[in-house]
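Structure data follow from structure-v1.txt (compact mmCIF, C-alpha atoms):
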# COMPACT_ATOMS: atom_id res chain seq x y z
CA MET A 706 -186.38 -128.37 -124.92
CA LYS A 707 -185.10 -128.34 -121.34
CA THR A 708 -181.78 -126.66 -120.58
CA ALA A 709 -180.47 -129.40 -118.23
CA PRO A 710 -179.44 -131.78 -121.08
CA PHE A 711 -177.78 -128.84 -122.76
CA PHE A 712 -175.58 -128.04 -119.74
CA ARG A 713 -174.94 -131.72 -119.08
CA TYR A 714 -173.68 -132.10 -122.62
CA PHE A 715 -171.18 -129.29 -122.26
CA PHE A 716 -169.90 -130.46 -118.88
CA SER A 717 -169.35 -133.95 -120.26
CA TYR A 718 -167.66 -132.50 -123.34
CA ILE A 719 -165.14 -130.56 -121.26
CA PHE A 720 -164.30 -133.23 -118.67
CA ARG A 721 -165.18 -136.60 -120.20
CA ALA A 722 -165.22 -136.50 -123.99
CA LYS A 723 -162.33 -138.13 -125.87
CA THR A 724 -162.03 -134.99 -127.98
CA ARG A 725 -162.26 -132.63 -124.99
CA GLN A 726 -160.60 -129.24 -125.36
CA LYS A 727 -157.53 -129.33 -123.10
CA LEU A 728 -156.83 -125.61 -123.19
CA LEU A 729 -160.24 -124.84 -121.72
CA PHE A 730 -159.65 -127.48 -119.05
CA ILE A 731 -156.35 -125.76 -118.21
CA ALA A 732 -158.19 -122.41 -118.04
CA VAL A 733 -160.74 -123.86 -115.61
CA THR A 734 -157.91 -125.26 -113.47
CA GLY A 735 -156.18 -121.87 -113.52
CA LEU A 736 -159.39 -120.16 -112.45
CA PHE A 737 -159.70 -122.62 -109.57
CA LEU A 738 -156.12 -121.95 -108.48
CA SER A 739 -156.68 -118.18 -108.73
CA ALA A 740 -159.60 -118.25 -106.29
CA PHE A 741 -157.78 -120.74 -104.06
CA SER A 742 -154.51 -118.80 -103.88
CA LEU A 743 -156.18 -115.41 -103.42
CA MET A 744 -158.24 -116.79 -100.52
CA VAL A 745 -155.13 -118.23 -98.85
CA ILE A 746 -153.03 -115.10 -99.44
CA GLN A 747 -155.76 -112.82 -98.12
CA GLY A 748 -156.26 -114.98 -95.03
CA ILE A 749 -152.55 -115.15 -94.12
CA MET A 750 -151.82 -111.51 -94.95
CA GLY A 751 -154.90 -110.45 -93.01
CA GLY A 752 -153.71 -112.53 -90.05
CA LEU A 753 -150.24 -110.95 -90.11
CA GLN A 754 -151.67 -107.43 -90.34
CA TYR A 755 -154.27 -108.12 -87.67
CA GLY A 756 -151.59 -109.46 -85.33
CA LEU A 757 -149.44 -106.38 -85.82
CA VAL A 758 -152.35 -103.98 -85.26
CA SER A 759 -153.58 -105.92 -82.22
CA ARG A 760 -150.14 -105.89 -80.56
CA SER A 761 -149.79 -102.18 -81.23
CA LYS A 762 -153.24 -101.38 -79.79
CA ALA A 763 -152.51 -103.51 -76.73
CA ILE A 764 -149.45 -101.36 -75.97
CA ASN A 765 -150.27 -97.92 -77.38
CA GLY A 766 -154.01 -98.00 -76.75
CA SER A 767 -156.95 -97.70 -79.12
CA HIS A 768 -157.61 -94.03 -78.23
CA LEU A 769 -155.66 -91.20 -76.66
CA ILE A 770 -157.14 -88.10 -75.02
CA VAL A 771 -154.60 -85.28 -74.97
CA PHE A 772 -155.21 -82.06 -73.05
CA PRO A 773 -153.30 -79.14 -71.54
CA ASP A 774 -151.76 -79.92 -68.17
CA ALA A 775 -154.47 -80.86 -65.65
CA LYS A 776 -154.47 -82.12 -62.08
CA SER A 777 -155.06 -85.85 -61.78
CA ASP A 778 -157.96 -85.38 -59.36
CA SER A 779 -159.75 -83.09 -61.85
CA LEU A 780 -160.13 -86.08 -64.19
CA SER A 781 -162.12 -88.12 -61.66
CA GLU A 782 -165.37 -87.99 -63.68
CA MET A 783 -163.64 -89.29 -66.81
CA LYS A 784 -161.98 -92.08 -64.86
CA GLU A 785 -165.27 -93.05 -63.23
CA ILE A 786 -166.92 -93.43 -66.65
CA LEU A 787 -164.12 -95.70 -67.83
CA ARG A 788 -164.25 -97.80 -64.65
CA LYS A 789 -168.02 -98.28 -64.93
CA GLU A 790 -167.59 -99.43 -68.53
CA GLY A 791 -164.84 -101.87 -67.52
CA ILE A 792 -162.31 -100.27 -69.86
CA SER A 793 -158.56 -100.41 -69.15
CA PHE A 794 -156.84 -97.02 -69.09
CA TYR A 795 -154.22 -94.96 -67.37
CA SER A 796 -153.58 -91.23 -67.02
CA GLU A 797 -150.01 -90.20 -67.58
CA LEU A 798 -147.50 -87.41 -67.85
CA GLU A 799 -145.51 -88.07 -71.01
CA THR A 800 -142.27 -86.34 -71.93
CA GLU A 801 -139.15 -86.89 -74.01
CA VAL A 802 -135.88 -87.40 -72.13
CA MET A 803 -132.27 -88.45 -72.57
CA LEU A 804 -130.86 -91.43 -70.68
CA ARG A 805 -127.25 -91.77 -69.64
CA ARG A 806 -125.34 -94.59 -68.02
CA LYS A 807 -121.56 -94.24 -67.91
CA ASN A 808 -120.58 -93.50 -71.53
CA PHE A 809 -123.83 -94.74 -73.06
CA VAL A 810 -126.52 -92.22 -74.06
CA ALA A 811 -129.93 -92.87 -75.66
CA PRO A 812 -133.11 -90.85 -76.28
CA ALA A 813 -136.35 -92.15 -74.78
CA LYS A 814 -140.02 -91.36 -74.33
CA LEU A 815 -140.88 -91.41 -70.64
CA HIS A 816 -144.39 -92.33 -69.48
CA GLY A 817 -145.22 -91.40 -65.91
CA ILE A 818 -148.40 -93.35 -65.20
CA ASP A 819 -150.88 -93.20 -62.34
CA LEU A 820 -150.69 -96.66 -60.75
CA SER A 821 -154.16 -96.30 -59.22
CA ASP A 822 -155.78 -96.44 -62.65
CA GLU A 823 -156.97 -99.59 -64.44
CA SER A 824 -153.67 -100.46 -66.10
CA PRO A 825 -153.59 -102.77 -69.16
CA GLU A 826 -152.30 -106.33 -69.06
CA PHE A 827 -148.75 -105.60 -70.23
CA LEU A 828 -148.07 -103.38 -67.16
CA LYS A 829 -149.86 -105.29 -64.39
CA ASP A 830 -146.95 -107.48 -63.28
CA LYS A 831 -144.21 -104.88 -63.67
CA ASP A 832 -142.13 -103.55 -60.78
CA PHE A 833 -142.56 -99.76 -60.62
CA SER A 834 -140.24 -99.20 -57.70
CA GLY A 835 -137.79 -97.92 -60.31
CA LEU A 836 -137.71 -97.56 -64.10
CA VAL A 837 -139.30 -100.04 -66.52
CA LEU A 838 -137.25 -99.97 -69.73
CA GLY A 839 -137.97 -101.33 -73.17
CA SER A 840 -135.74 -104.34 -73.85
CA ASP A 841 -133.89 -102.79 -76.82
CA LEU A 842 -133.51 -99.48 -75.00
CA ALA A 843 -131.88 -101.31 -72.09
CA GLY A 844 -129.55 -102.99 -74.57
CA LYS A 845 -128.42 -99.61 -75.91
CA LEU A 846 -127.44 -98.55 -72.39
CA LYS A 847 -125.87 -101.92 -71.50
CA THR A 848 -127.84 -101.88 -68.29
CA GLN A 849 -128.96 -104.61 -65.90
CA PHE A 850 -131.32 -104.82 -62.94
CA MET A 851 -130.66 -102.21 -60.22
CA ASP A 852 -128.22 -100.21 -62.36
CA GLU A 853 -128.49 -96.46 -61.80
CA ILE A 854 -129.53 -94.39 -64.84
CA GLU A 855 -129.55 -90.62 -65.19
CA VAL A 856 -132.82 -89.34 -66.67
CA ILE A 857 -132.23 -85.93 -68.25
CA ALA A 858 -135.06 -83.57 -69.24
CA PRO A 859 -133.59 -81.31 -71.99
CA GLY A 860 -136.60 -78.99 -71.98
CA VAL A 861 -136.31 -78.17 -68.27
CA SER A 862 -133.28 -76.47 -66.76
CA ASP A 863 -132.06 -75.34 -63.34
CA SER A 864 -130.50 -71.91 -63.10
CA ILE A 865 -128.48 -72.64 -59.95
CA MET A 866 -125.61 -74.24 -61.85
CA GLY A 867 -125.89 -72.12 -64.97
CA GLU A 868 -128.99 -73.30 -66.86
CA ILE A 869 -128.09 -76.96 -67.03
CA PRO A 870 -130.78 -79.54 -67.98
CA ARG A 871 -132.52 -81.02 -64.95
CA PHE A 872 -131.83 -84.69 -64.23
CA VAL A 873 -132.55 -87.34 -61.63
CA SER A 874 -131.07 -90.77 -61.08
CA GLU A 875 -133.11 -93.92 -60.67
CA ALA A 876 -132.47 -97.67 -60.71
CA VAL A 877 -133.77 -100.09 -63.33
CA SER A 878 -136.43 -102.28 -61.70
CA ASP A 879 -137.95 -104.13 -64.67
CA TYR A 880 -137.91 -104.62 -68.44
CA LEU A 881 -140.59 -104.52 -71.09
CA TYR A 882 -140.66 -106.80 -74.13
CA THR A 883 -143.62 -106.02 -76.40
CA GLU A 884 -142.41 -107.35 -79.80
CA ILE A 885 -143.08 -103.86 -81.21
CA SER A 886 -139.77 -102.34 -82.25
CA GLU A 887 -140.66 -98.66 -81.73
CA VAL A 888 -141.82 -99.39 -78.16
CA ASP A 889 -138.96 -101.67 -77.12
CA ASP A 890 -136.42 -99.35 -78.72
CA LEU A 891 -137.62 -95.98 -77.41
CA GLU A 892 -140.11 -96.09 -74.53
CA MET A 893 -139.84 -96.44 -70.77
CA PHE A 894 -142.34 -96.31 -67.90
CA ALA A 895 -142.21 -95.00 -64.35
CA ARG A 896 -144.58 -94.03 -61.57
CA LEU A 897 -146.28 -90.66 -62.02
CA SER A 898 -144.62 -89.03 -59.00
CA PHE A 899 -141.15 -89.69 -60.45
CA VAL A 900 -141.90 -87.81 -63.69
CA GLN A 901 -143.69 -85.02 -61.83
CA ASN A 902 -140.64 -84.59 -59.64
CA LEU A 903 -138.40 -84.47 -62.71
CA LEU A 904 -140.53 -81.81 -64.43
CA ARG A 905 -141.53 -80.01 -61.23
CA SER A 906 -145.19 -80.38 -62.18
CA GLU A 907 -148.26 -81.81 -60.44
CA SER A 908 -150.24 -82.38 -63.65
CA VAL A 909 -150.92 -85.08 -66.22
CA ASN A 910 -151.31 -84.43 -69.92
CA GLN A 911 -153.15 -87.39 -71.40
CA ILE A 912 -155.31 -90.47 -70.82
CA ARG A 913 -154.56 -93.63 -72.79
CA ILE A 914 -157.56 -95.91 -73.40
CA PHE A 915 -157.39 -99.61 -74.26
CA GLY A 916 -160.03 -101.83 -75.83
CA GLU A 917 -162.76 -100.63 -78.18
CA PRO A 918 -165.14 -98.30 -76.30
CA ASP A 919 -168.41 -97.27 -77.92
CA LEU A 920 -168.72 -93.92 -79.63
CA ALA A 921 -171.22 -92.81 -76.98
CA VAL A 922 -168.67 -93.49 -74.23
CA LEU A 923 -166.04 -91.45 -76.06
CA GLN A 924 -168.48 -88.56 -76.45
CA ARG A 925 -169.25 -88.61 -72.73
CA LEU A 926 -165.54 -88.59 -71.94
CA MET A 927 -164.96 -85.55 -74.11
CA GLU A 928 -167.88 -83.74 -72.45
CA LYS A 929 -166.35 -84.35 -69.01
CA GLY A 930 -162.81 -83.61 -70.15
CA PRO A 931 -160.90 -80.40 -69.43
CA PRO A 932 -161.04 -77.50 -71.93
CA GLY A 933 -158.88 -78.05 -75.00
CA ALA A 934 -159.02 -81.86 -74.81
CA ARG A 935 -158.37 -83.65 -78.09
CA LEU A 936 -159.32 -87.25 -78.92
CA SER A 937 -157.10 -89.30 -81.24
CA SER A 938 -157.77 -92.82 -82.49
CA TRP A 939 -155.10 -95.46 -83.02
CA ALA A 940 -155.37 -95.02 -86.79
CA SER A 941 -154.76 -91.27 -86.58
CA MET A 942 -151.78 -91.82 -84.27
CA ASN A 943 -150.28 -94.37 -86.68
CA GLU A 944 -151.15 -92.93 -90.07
CA ALA A 945 -147.89 -94.09 -91.67
CA LEU A 946 -148.44 -97.69 -90.55
CA VAL A 947 -152.08 -97.69 -91.68
CA TRP A 948 -151.08 -96.25 -95.05
CA SER A 949 -148.33 -98.87 -95.43
CA LEU A 950 -150.69 -101.75 -94.63
CA ASN A 951 -153.28 -100.46 -97.13
CA LEU A 952 -150.58 -100.05 -99.77
CA GLU A 953 -149.35 -103.57 -99.11
CA THR A 954 -152.84 -104.95 -99.66
CA LYS A 955 -153.38 -102.93 -102.84
CA VAL A 956 -150.02 -103.94 -104.32
CA MET A 957 -150.76 -107.59 -103.54
CA LEU A 958 -154.12 -107.36 -105.32
CA PHE A 959 -152.57 -105.53 -108.28
CA LEU A 960 -149.88 -108.18 -108.71
CA PHE A 961 -152.45 -110.94 -108.40
CA ILE A 962 -154.70 -109.35 -111.02
CA SER A 963 -151.70 -108.93 -113.33
CA MET A 964 -150.80 -112.61 -112.98
CA SER A 965 -154.45 -113.58 -113.48
CA LEU A 966 -154.30 -112.08 -116.97
CA LEU A 967 -152.40 -115.22 -118.01
CA VAL A 968 -155.43 -117.23 -116.92
CA ALA A 969 -157.64 -114.80 -118.83
CA ILE A 970 -155.67 -115.42 -122.02
CA ALA A 971 -156.15 -119.16 -121.57
CA ILE A 972 -159.88 -118.61 -120.97
CA THR A 973 -160.25 -116.53 -124.14
CA SER A 974 -158.29 -118.93 -126.34
CA GLY A 975 -159.92 -122.00 -124.82
CA LEU A 976 -163.46 -120.69 -125.25
CA MET A 977 -162.85 -119.61 -128.87
CA ILE A 978 -161.56 -123.07 -129.76
CA PHE A 979 -164.33 -124.67 -127.70
CA TYR A 980 -167.08 -122.69 -129.47
CA SER A 981 -165.65 -123.55 -132.87
CA LYS A 982 -165.71 -127.27 -132.01
CA ILE A 983 -169.31 -127.30 -130.77
CA LYS A 984 -170.67 -125.15 -133.59
CA ARG A 985 -172.18 -128.12 -135.39
CA ASP A 986 -173.60 -129.52 -132.15
CA LEU A 987 -175.36 -126.22 -131.55
CA MET A 988 -176.77 -126.45 -135.03
CA SER A 989 -178.14 -129.90 -134.09
CA PHE A 990 -179.95 -128.41 -131.08
CA TRP A 991 -181.32 -125.72 -133.42
CA ILE A 992 -182.63 -128.33 -135.83
CA LEU A 993 -184.34 -130.12 -132.94
CA GLY A 994 -186.32 -126.97 -132.23
CA MET A 995 -184.34 -124.74 -129.89
CA GLY A 996 -184.19 -121.09 -131.02
CA GLN A 997 -180.86 -119.60 -132.02
CA LYS A 998 -181.14 -116.74 -129.52
CA LYS A 999 -181.94 -119.27 -126.81
CA LEU A 1000 -178.90 -121.31 -127.78
CA MET A 1001 -176.62 -118.29 -127.67
CA SER A 1002 -178.04 -117.27 -124.31
CA LEU A 1003 -177.52 -120.75 -122.89
CA CYS A 1004 -173.95 -120.81 -124.17
CA PHE A 1005 -173.08 -117.67 -122.27
CA LYS A 1006 -174.99 -118.81 -119.17
CA PHE A 1007 -173.03 -122.03 -119.26
CA THR A 1008 -169.72 -120.15 -119.18
CA LEU A 1009 -170.99 -118.06 -116.26
CA ILE A 1010 -172.10 -121.15 -114.34
CA LEU A 1011 -168.80 -122.90 -115.06
CA SER A 1012 -166.78 -119.88 -113.93
CA GLY A 1013 -168.93 -119.32 -110.83
CA LEU A 1014 -168.75 -122.97 -109.72
CA THR A 1015 -165.00 -123.09 -110.30
CA VAL A 1016 -164.40 -119.91 -108.28
CA ILE A 1017 -166.66 -121.06 -105.43
CA ILE A 1018 -164.97 -124.47 -105.26
CA GLY A 1019 -161.56 -122.77 -105.27
CA GLY A 1020 -162.70 -120.47 -102.45
CA ILE A 1021 -164.00 -123.41 -100.41
CA PHE A 1022 -160.73 -125.31 -100.78
CA GLY A 1023 -158.83 -122.12 -99.87
CA SER A 1024 -160.85 -121.59 -96.70
CA LEU A 1025 -160.40 -125.26 -95.72
CA THR A 1026 -156.64 -124.90 -96.23
CA LEU A 1027 -156.63 -121.84 -93.96
CA LYS A 1028 -158.54 -123.76 -91.29
CA LEU A 1029 -155.97 -126.56 -91.44
CA LEU A 1030 -153.09 -124.09 -91.23
CA GLU A 1031 -154.71 -122.35 -88.29
CA ARG A 1032 -155.23 -125.62 -86.42
CA PHE A 1033 -152.15 -127.65 -87.31
CA GLY A 1034 -149.61 -125.13 -88.65
CA HIS A 1035 -147.80 -124.52 -85.36
CA ASP A 1036 -144.22 -123.21 -85.19
CA LEU A 1037 -143.64 -123.18 -88.93
CA MET A 1038 -141.42 -120.08 -88.77
CA PRO A 1039 -137.96 -119.73 -87.18
CA ASP A 1040 -137.49 -118.25 -83.69
CA ILE A 1041 -136.49 -114.83 -85.06
CA PHE A 1042 -140.07 -114.19 -86.24
CA VAL A 1043 -142.71 -112.75 -83.92
CA GLU A 1044 -145.36 -115.01 -85.46
CA ARG A 1045 -144.07 -118.59 -85.20
CA SER A 1046 -147.23 -120.01 -86.79
CA LEU A 1047 -149.09 -118.63 -89.80
CA PRO A 1048 -151.91 -116.46 -88.40
CA VAL A 1049 -155.24 -116.48 -90.19
CA GLU A 1050 -157.76 -113.65 -90.28
CA LEU A 1051 -160.47 -113.98 -92.93
CA ASN A 1052 -163.37 -111.53 -92.82
CA PHE A 1053 -166.37 -111.07 -95.10
CA LYS A 1054 -164.61 -108.43 -97.20
CA SER A 1055 -161.64 -110.72 -97.89
CA ILE A 1056 -163.94 -113.57 -98.90
CA VAL A 1057 -165.86 -111.31 -101.32
CA ILE A 1058 -162.63 -110.01 -102.87
CA SER A 1059 -161.27 -113.55 -103.25
CA LEU A 1060 -164.37 -114.62 -105.17
CA VAL A 1061 -165.23 -111.46 -107.10
CA ILE A 1062 -161.82 -110.72 -108.66
CA PRO A 1063 -161.28 -114.13 -110.39
CA PHE A 1064 -164.95 -114.29 -111.42
CA SER A 1065 -164.88 -110.74 -112.84
CA ILE A 1066 -161.74 -111.48 -114.88
CA SER A 1067 -163.35 -114.67 -116.19
CA LEU A 1068 -166.60 -112.84 -116.97
CA ILE A 1069 -164.91 -110.06 -118.95
CA PHE A 1070 -162.77 -112.32 -121.13
CA SER A 1071 -165.54 -114.90 -121.55
CA TRP A 1072 -167.73 -112.12 -122.92
CA PHE A 1073 -165.05 -111.22 -125.47
CA SER A 1074 -164.90 -114.83 -126.68
CA PHE A 1075 -168.67 -115.18 -126.76
CA ALA A 1076 -169.14 -111.86 -128.61
CA TYR A 1077 -166.70 -112.95 -131.30
CA PHE A 1078 -168.43 -116.33 -131.63
CA ARG A 1079 -171.86 -114.72 -131.90
CA LYS A 1080 -170.62 -112.28 -134.52
CA GLU A 1081 -169.12 -115.07 -136.64
CA ASN A 1082 -172.25 -117.26 -136.42
CA GLN A 1083 -175.18 -114.91 -136.79
CA SER A 1084 -177.22 -117.54 -138.72
CA PHE A 1085 -177.17 -121.33 -138.51
CA VAL A 1086 -178.72 -121.44 -141.97
CA ASN A 1087 -175.38 -120.46 -143.47
CA ILE A 1088 -173.70 -123.30 -141.56
CA VAL A 1089 -176.19 -125.80 -142.97
CA ARG A 1090 -175.64 -124.49 -146.48
CA SER A 1091 -171.87 -124.73 -146.11
CA LEU A 1092 -172.19 -128.34 -144.98
CA SER A 1093 -174.50 -129.21 -147.88
Do you think you could lay out the structure here as structure tokens?
Amino acid sequence: MKTAPFFRYFFSYIFRAKTRQKLLFIAVTGLFLSAFSLMVIQGIMGGLQYGLVSRSKAINGSHLIVFPDAKSDSLSEMKEILRKEGISFYSELETEVMLRRKNFVAPAKLHGIDLSDESPEFLKDKDFSGLVLGSDLAGKLKTQFMDEIEVIAPGVSDSIMGEIPRFVSEAVSDYLYTEISEVDDLEMFARLSFVQNLLRSESVNQIRIFGEPDLAVLQRLMEKGPPGARLSSWASMNEALVWSLNLETKVMLFLFISMSLLVAIAITSGLMIFYSKIKRDLMSFWILGMGQKKLMSLCFKFTLILSGLTVIIGGIFGSLTLKLLERFGHDLMPDIFVERSLPVELNFKSIVISLVIPFSISLIFSWFSFAYFRKENQSFVNIVRSLS
């Protein structure tokens, strides 16, 4: 006997029969919603995380080469490699300072950058005739354009006036708004000569690289770099953020799996009731010549096919919903949010997780129901005798 009529019978029993088992239909619907919602959640959460990481890399760089103080001209070979590869970068002298304007004081991280390098997009239109302050940092100092600010270097002192910290005054020439709180709140930029004058040094101490250079390029850079150079990736520089994002994803999956157990209970109960209702129909197939082992195998294959199709359809509807949100979901969020629309980022890993988790839960609890049914009906002969 062919298996197609067998599967067609069960599909019609679930969705079309007058005596169809409603609990199993609810379980199938719940499985569909599980795959659908997990696909949508993964896509939106992935988009939010991707947007945050992308903005951070665009400002802080994807890699940072730190080395003991070196002359800018001694790094010419490294800079030439980056220019040939078309990679944005800048060499800088970075230090921590204190800013003071009237009675307002704030700590800051000062970046003295070499303007002759291939600067990234967020610095190309800035006015470096003075200081370029983060927007929140400027708010702390209550400063406006052309206001004079004292830049104090606590680690460097002049002995002429009794070991007081060295400071210079400079006007504010531009602002920086990056939508990254730690940058806008703490960092400021200036031309390299200004910072070298403040620290009385002619050196630079790091090169910040933007984009995603190949591993071979990074290896060549380290070979040409000064002794003691150390390469750091964005992930290593932001370990706390990376750990938080991974934890957020894991907690989301854990909560989703916990909620999916309700669907699993419906699947188990629905299948047990469903198997008990079709027991006599299975006996009819057996009388017509289909082996009992074959019948049991087809029963379990049917549940796998039903679960797989439901999960795939749920995933398809979820991906279509994400496409619609990405295309038409503009300005859904209030102005206070960085992301006004719902960003979508759905990679292969997210798709696999969205399909595998609901299907695995369905598979495990379907097996429990099927194992109980097979144990209770080891022989159709006994069913025939009970009917007679």
Problem set entry | Residues within 9 Å of (-141.2, -98.1, -73.3), file coords, only C-alpha atoms, listed as a list in words | Ala813, Lys814, Leu815, His816, Val837, Leu838, Gly839, Ser840, Leu842, Tyr880, Leu881, Tyr882, Thr883, Glu887, Val888, Asp889, Asp890, Leu891, Glu892, Met893 and Phe894 of chain A
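Residues surrounding stretch 920-929 of chain A within 10 Å are His768, Ile770, Ser779, Leu780, Ser781, Glu782, Met783, Lys784, Glu785, Ile786, Leu787, Glu790, Ile914, Glu917, Pro918, Pro931, Pro932, Gly933, Ala934, Arg935 and Leu936 of chain A [all atoms listed in the file; sequence separation below 2 positions excluded].
Proximity to A:Gln901 was assessed for A:Ile792, A:Met851, A:Leu1027, A:Val873 counting all atoms listed in the file; the smallest distance is recorded for A:Val873.
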For this session: Choose the residue, out of A:Ile857, A:Ala876, A:Leu966, A:Ala1076, that has the smallest atom-to-atom separation from A:Ser1002; count all atoms listed in the file.
Result: A:Ala1076
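Remark: for A:Leu958, the closest of the candidate residues A:Gly748, A:Asp919, A:Ser1059, A:Leu769 is A:Ser1059 (distances computed over all atoms listed in the file).
Counting all atoms listed in the file, the residue from A:Lys807, A:Lys845, A:Cys1004, A:Thr954 that sits nearest to A:Ser1055 is A:Thr954.
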Problem set entry | Long-range neighbours of A:Gly1023 as a PyMOL selection string, 6 Å cut-off, all atoms listed in the file, 4 positions minimum in chain | chain A and resi 741+744-745
If the box runs along x, y and z of the file and leaves 8 Å on each side of stretch 787-793 of chain A, what are its centre and edge lengths in Å, one decimal, as JSON?
{"center_x": -163.3, "center_y": -98.8, "center_z": -67.3, "size_x": 25.5, "size_y": 22.2, "size_z": 21.2}
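Separating atom CA of A:Ala843 from atom CA of A:Arg805 is a distance of 10.9 Å.
Among the candidates A:Lys762, A:Lys1028, A:Arg905, A:Arg913, the residue lying nearest to A:Ser793 is A:Arg913 (atoms considered: all atoms listed in the file).
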